[in-house]
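**Student:** Got a structure for you, written out below as structure tokens; questions coming shortly.
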Amino acid sequence: MARLICIAASHYVERARWALDLGGVKYYEDRCPPIVHVKLVKDAGVQKTTHVPVLVTEDGQVLNDSQLILEWVHKTCPAAVSLYPTDPEQLQEVKRLETLFNGKLGVLTRVMCYHWLFSAGWGPFIAAVCDQPDTPLSRRVFFKVFSVPFKAMMAAGMRINAANSAKCLERVRSMFKEVDGMLADGRPFLVKGTTQPTAADITFASMGALVMLPLVPNYGGASCVHTPKAEVLPQEASAVAEELSQTPAGQHIIRLYTQHRLPVAAGTGISSSHAGQAGSTVPFAKL
């Protein structure tokens with residue numbers, strides 16, 4: 001069984017998780033809070049980056065980026081053939097959109113989401129980034145003990161503050177408008193002529209859902225991922241989620257999660273113990 005090193009609620013992890021589920025890959029999630037994840041990534045043999053997700057396949061391959069994971073799933077899993085179309089023009093457009101959403105939209109929504117969590121107070125912040133189901137107790141305790149300096153490191157490293165969050169929101173609105181334009185001709189998916197969600201759709205939905213979570217169903221698929229409720233977040237978060245959900249782009253995200261991010265059928269892919277399948281709860285290495 002493959003091992004997915006991850007921060008449970010991460011939208012980059014969600015992107016990889018969605019592809020793995022689509023491909024029917026059997027894997028378990030080795031969960032950890034932010035910053036604590038660095039040791040797991042290094043221990044897995046990744047030297048140049050400290051990003052998650054990292055997938056360690058059954059044959060020992062180490063894929064240290066969600067992009068690499070999607071490409072691996074496409075190549076090895078017939079069920080995920082729709083991720084990257086064979087038509088050259090469609091494939092080129094999928095790649096363009098992937099780069100845009102993964103490299104830009106994901107960074108913007110991460111800043112906004114963390115700003116809201118920081119503003120909500122210690123409890124909601126810890127619940128979202130640390131106290132996720134199946135995260136080993138030792139890792140949760142370690143993060144909580146050092147949560148104040150860790151939070152400061154995250155704020156400095158990702159430029160998480162009110163002013164930057166406001167700038168990110170304007171850019172997110174602009175990107176949603178671009179997607180609105182793509183969908184204006186009635187196409188069901190982002191790349192014209194495709195009949196199933198491609199990597200572009202999955203990437204957009206995963207990156208965009210982070211700032212619409214109270215209104216997005218099935219985040220995490222069959223995995224048990226706790227997301228903050230609207231009432232514990234600043235009012236701005238609910239207002240933004242409501243605003244974006246009314247756009248064609250936001251509706252596209254909700255439709256993708258409603259129709260294409262359903263819990264995985266038994267025996268076809270990952271399983272969280274909370275979903276009644278074996279595989280996600282395994283002995284974890286201690287820090």
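Just remember, in the structure tokens the first chain shown is A, the second B, etc., residues are 1-based per chain, and ligands are 1-based in the order shown.
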Go through range 71-185 of chain A residue by residue and, counting only C-alpha atoms, keep those with an atom at most 12 Å from range 48-63 of chain A; for each kept residue give the shortest atom pair and its distance in Å to one decimal, ordered by chain and increasing number, as JSON lines.
**Tutor:**
{"residue": "A:Glu71", "atom": "CA", "partner": "A:Leu63", "partner_atom": "CA", "distance": 10.0}
{"residue": "A:Trp72", "atom": "CA", "partner": "A:Leu63", "partner_atom": "CA", "distance": 8.4}
{"residue": "A:Val73", "atom": "CA", "partner": "A:Thr57", "partner_atom": "CA", "distance": 10.7}
{"residue": "A:Thr76", "atom": "CA", "partner": "A:Thr57", "partner_atom": "CA", "distance": 11.3}
**Student:** Pull C-alpha atoms from the residues just selected and write them as a PDB file, in the first residue's frame.
**Tutor:**
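Below you can see result-v2.pdb, which holds the result:
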ATOM      1  CA  GLU A  71       1.041  12.424 -13.633  1.00  0.00           C
ATOM      2  CA  TRP A  72       1.956   9.113 -11.987  1.00  0.00           C
ATOM      3  CA  VAL A  73      -1.713   8.255 -11.410  1.00  0.00           C
ATOM      4  CA  THR A  76      -0.351   3.841 -13.987  1.00  0.00           C
TER       5      THR A  76
END
**Student:** Within 12 Å of Trp122 in chain A, counting only C-alpha atoms, which residues qualify if same-chain residues fewer than 5 places away don't, as a list of chain:residue names?
**Tutor:**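 The residues that qualify are A:Tyr114, A:Trp116, A:Leu117, A:Ala127, A:Ala128, A:Val129, A:Cys130, A:Asp131, A:Lys144, A:Ser147, A:Val148, A:Lys151, A:Val232, A:Leu233.
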**Student:** What would the file look like if the residues just selected were written as a PDB file, in the first residue's frame with N, CA and C atoms?
**Tutor:**
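What follows is the written file again_27.pdb:
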ATOM      1  N   TYR A 114      -5.352  30.762   5.868  1.00  0.00           N
ATOM      2  CA  TYR A 114      -4.564  30.860   7.089  1.00  0.00           C
ATOM      3  C   TYR A 114      -4.829  32.180   7.810  1.00  0.00           C
ATOM      4  N   TRP A 116      -7.619  33.816   7.929  1.00  0.00           N
ATOM      5  CA  TRP A 116      -8.888  33.650   8.644  1.00  0.00           C
ATOM      6  C   TRP A 116      -8.726  32.754   9.869  1.00  0.00           C
ATOM      7  N   LEU A 117      -7.960  31.678   9.739  1.00  0.00           N
ATOM      8  CA  LEU A 117      -7.742  30.796  10.880  1.00  0.00           C
ATOM      9  C   LEU A 117      -6.973  31.506  11.986  1.00  0.00           C
ATOM     10  N   ALA A 127      -7.585  23.186  15.628  1.00  0.00           N
ATOM     11  CA  ALA A 127      -8.502  22.148  15.141  1.00  0.00           C
ATOM     12  C   ALA A 127      -8.277  21.862  13.659  1.00  0.00           C
ATOM     13  N   ALA A 128      -8.027  22.905  12.888  1.00  0.00           N
ATOM     14  CA  ALA A 128      -7.897  22.742  11.440  1.00  0.00           C
ATOM     15  C   ALA A 128      -6.545  22.199  11.024  1.00  0.00           C
ATOM     16  N   VAL A 129      -5.465  22.677  11.649  1.00  0.00           N
ATOM     17  CA  VAL A 129      -4.129  22.305  11.167  1.00  0.00           C
ATOM     18  C   VAL A 129      -3.471  21.203  11.980  1.00  0.00           C
ATOM     19  N   CYS A 130      -3.987  20.932  13.183  1.00  0.00           N
ATOM     20  CA  CYS A 130      -3.299  19.996  14.076  1.00  0.00           C
ATOM     21  C   CYS A 130      -4.163  18.801  14.475  1.00  0.00           C
ATOM     22  N   ASP A 131      -5.359  19.059  14.965  1.00  0.00           N
ATOM     23  CA  ASP A 131      -6.185  17.998  15.547  1.00  0.00           C
ATOM     24  C   ASP A 131      -7.063  17.299  14.528  1.00  0.00           C
ATOM     25  N   LYS A 144       1.445  21.689  19.372  1.00  0.00           N
ATOM     26  CA  LYS A 144       0.785  22.566  20.335  1.00  0.00           C
ATOM     27  C   LYS A 144       1.791  23.227  21.278  1.00  0.00           C
ATOM     28  N   SER A 147       3.335  25.947  19.274  1.00  0.00           N
ATOM     29  CA  SER A 147       2.401  26.565  18.330  1.00  0.00           C
ATOM     30  C   SER A 147       2.634  28.064  18.146  1.00  0.00           C
ATOM     31  N   VAL A 148       3.055  28.768  19.186  1.00  0.00           N
ATOM     32  CA  VAL A 148       3.264  30.215  19.053  1.00  0.00           C
ATOM     33  C   VAL A 148       4.418  30.526  18.094  1.00  0.00           C
ATOM     34  N   LYS A 151       3.451  29.312  14.544  1.00  0.00           N
ATOM     35  CA  LYS A 151       2.502  30.220  13.895  1.00  0.00           C
ATOM     36  C   LYS A 151       3.219  31.451  13.353  1.00  0.00           C
ATOM     37  N   VAL A 232     -17.213  29.699  13.350  1.00  0.00           N
ATOM     38  CA  VAL A 232     -15.974  29.922  14.108  1.00  0.00           C
ATOM     39  C   VAL A 232     -14.985  30.783  13.331  1.00  0.00           C
ATOM     40  N   LEU A 233     -15.291  31.090  12.087  1.00  0.00           N
ATOM     41  CA  LEU A 233     -14.402  31.902  11.257  1.00  0.00           C
ATOM     42  C   LEU A 233     -14.861  33.356  11.258  1.00  0.00           C
TER      43      LEU A 233
END
**Student:** Once you count only C-alpha atoms, what closest atom pair and distance in Å to one decimal does each residue of range 204-239 of chain A within 12 Å of range 169-177 of chain A have, with rows by chain and rising residue number, as JSON lines?
**Tutor:**
{"residue": "A:Phe204", "atom": "CA", "partner": "A:Phe176", "partner_atom": "CA", "distance": 9.6}
{"residue": "A:Ala205", "atom": "CA", "partner": "A:Phe176", "partner_atom": "CA", "distance": 11.0}
{"residue": "A:Met207", "atom": "CA", "partner": "A:Val172", "partner_atom": "CA", "distance": 10.3}
{"residue": "A:Gly208", "atom": "CA", "partner": "A:Val172", "partner_atom": "CA", "distance": 8.5}
{"residue": "A:Ala209", "atom": "CA", "partner": "A:Val172", "partner_atom": "CA", "distance": 11.6}
{"residue": "A:Leu210", "atom": "CA", "partner": "A:Val172", "partner_atom": "CA", "distance": 11.5}
{"residue": "A:Val211", "atom": "CA", "partner": "A:Leu169", "partner_atom": "CA", "distance": 9.5}
{"residue": "A:Met212", "atom": "CA", "partner": "A:Val172", "partner_atom": "CA", "distance": 11.8}
{"residue": "A:Glu236", "atom": "CA", "partner": "A:Leu169", "partner_atom": "CA", "distance": 10.8}
{"residue": "A:Ala237", "atom": "CA", "partner": "A:Leu169", "partner_atom": "CA", "distance": 10.7}
{"residue": "A:Ala239", "atom": "CA", "partner": "A:Leu169", "partner_atom": "CA", "distance": 11.7}
**Student:** Dump N, CA and C atoms for the selected residues as a JSON list (two decimals), in the first residue's frame?
**Tutor:**
[["chain", "number", "residue", "atom", "x", "y", "z"],
["A", 204, "PHE", "N", -8.41, 23.17, -10.13],
["A", 204, "PHE", "CA", -9.18, 24.37, -9.83],
["A", 204, "PHE", "C", -10.09, 24.14, -8.63],
["A", 205, "ALA", "N", -10.78, 23.01, -8.60],
["A", 205, "ALA", "CA", -11.71, 22.74, -7.51],
["A", 205, "ALA", "C", -10.99, 22.63, -6.17],
["A", 207, "MET", "N", -8.00, 23.89, -5.30],
["A", 207, "MET", "CA", -7.42, 25.17, -4.88],
["A", 207, "MET", "C", -8.50, 26.18, -4.49],
["A", 208, "GLY", "N", -9.60, 26.20, -5.23],
["A", 208, "GLY", "CA", -10.66, 27.16, -4.95],
["A", 208, "GLY", "C", -11.52, 26.80, -3.77],
["A", 209, "ALA", "N", -11.67, 25.51, -3.49],
["A", 209, "ALA", "CA", -12.53, 25.08, -2.40],
["A", 209, "ALA", "C", -12.07, 25.61, -1.05],
["A", 210, "LEU", "N", -10.78, 25.87, -0.92],
["A", 210, "LEU", "CA", -10.23, 26.28, 0.36],
["A", 210, "LEU", "C", -10.88, 27.55, 0.90],
["A", 211, "VAL", "N", -11.34, 28.44, 0.03],
["A", 211, "VAL", "CA", -11.98, 29.67, 0.49],
["A", 211, "VAL", "C", -13.50, 29.60, 0.34],
["A", 212, "MET", "N", -14.01, 28.37, 0.13],
["A", 212, "MET", "CA", -15.46, 28.16, 0.04],
["A", 212, "MET", "C", -15.91, 26.99, 0.92],
["A", 236, "GLU", "N", -15.81, 37.77, 7.43],
["A", 236, "GLU", "CA", -15.29, 37.93, 6.08],
["A", 236, "GLU", "C", -15.22, 36.60, 5.35],
["A", 237, "ALA", "N", -14.85, 35.54, 6.05],
["A", 237, "ALA", "CA", -14.72, 34.23, 5.41],
["A", 237, "ALA", "C", -16.06, 33.75, 4.86],
["A", 239, "ALA", "N", -18.60, 35.66, 4.09],
["A", 239, "ALA", "CA", -19.01, 36.57, 3.02],
["A", 239, "ALA", "C", -18.31, 36.22, 1.71]]
**Student:** Could you tell me how far CA of Val36 in chain A lies from CA of Ala162 in chain A, in Å and to one decimal?
**Tutor:**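 Separation of CA of Val36 in chain A and CA of Ala162 in chain A: 25.3 Å.
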**Student:** Taking 6 positions as the minimum chain separation for residues in the same chain, which residues sit within 10 Å of Met158 in chain A when counting only C-alpha atoms? Answer as a PyMOL selection string.
**Tutor:** chain A and resi 107-108+110-111+114+164
**Student:** For Ala8 in chain A, please output as a ChimeraX atom specification all residues within 10 Å (counting only C-alpha atoms; exclusion window: fewer than 6 positions along the same chain).
**Tutor:** /A:14,17,29-34,52-53,128-135,220,223-227
**Student:** Within 10 Å of Pro85 in chain A, counting only C-alpha atoms, which residues show up once you throw out same-chain ones fewer than 2 positions away? Write them as a list in words, please.
**Tutor:**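 My reading of the contact set: Val81, Ser82, Leu83, Asp87, Pro88, Glu89, Gln90, Leu91, Gln92, Glu93, Val94, Val191, Gly193, Thr194, Gln196, Thr198 and Ala199 of chain A.
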**Student:** Quick one: everything within 9 Å of Lys192 in chain A, counting only C-alpha atoms, minus sequence neighbours fewer than 4 positions away in the same chain. Send it as an MDAnalysis selection string.
**Tutor:** chainID A and resid 90 182:183 187:188
**Student:** Can you work out which one of A:Lys39, A:Gln259, A:Ala152, A:Leu4 has the shortest atom-to-atom distance to Lys26 in chain A, counting only C-alpha atoms?
**Tutor:** A:Leu4
**Student:** Within range 44-238 of chain A, find each residue whose DSSP state, derived from the backbone, is alpha helix (DSSP H), and express the selection as a ChimeraX atom specification.
**Tutor:** /A:66-76,88-100,106-120,122-129,137-145,147-158,162-183,199-209,235-238
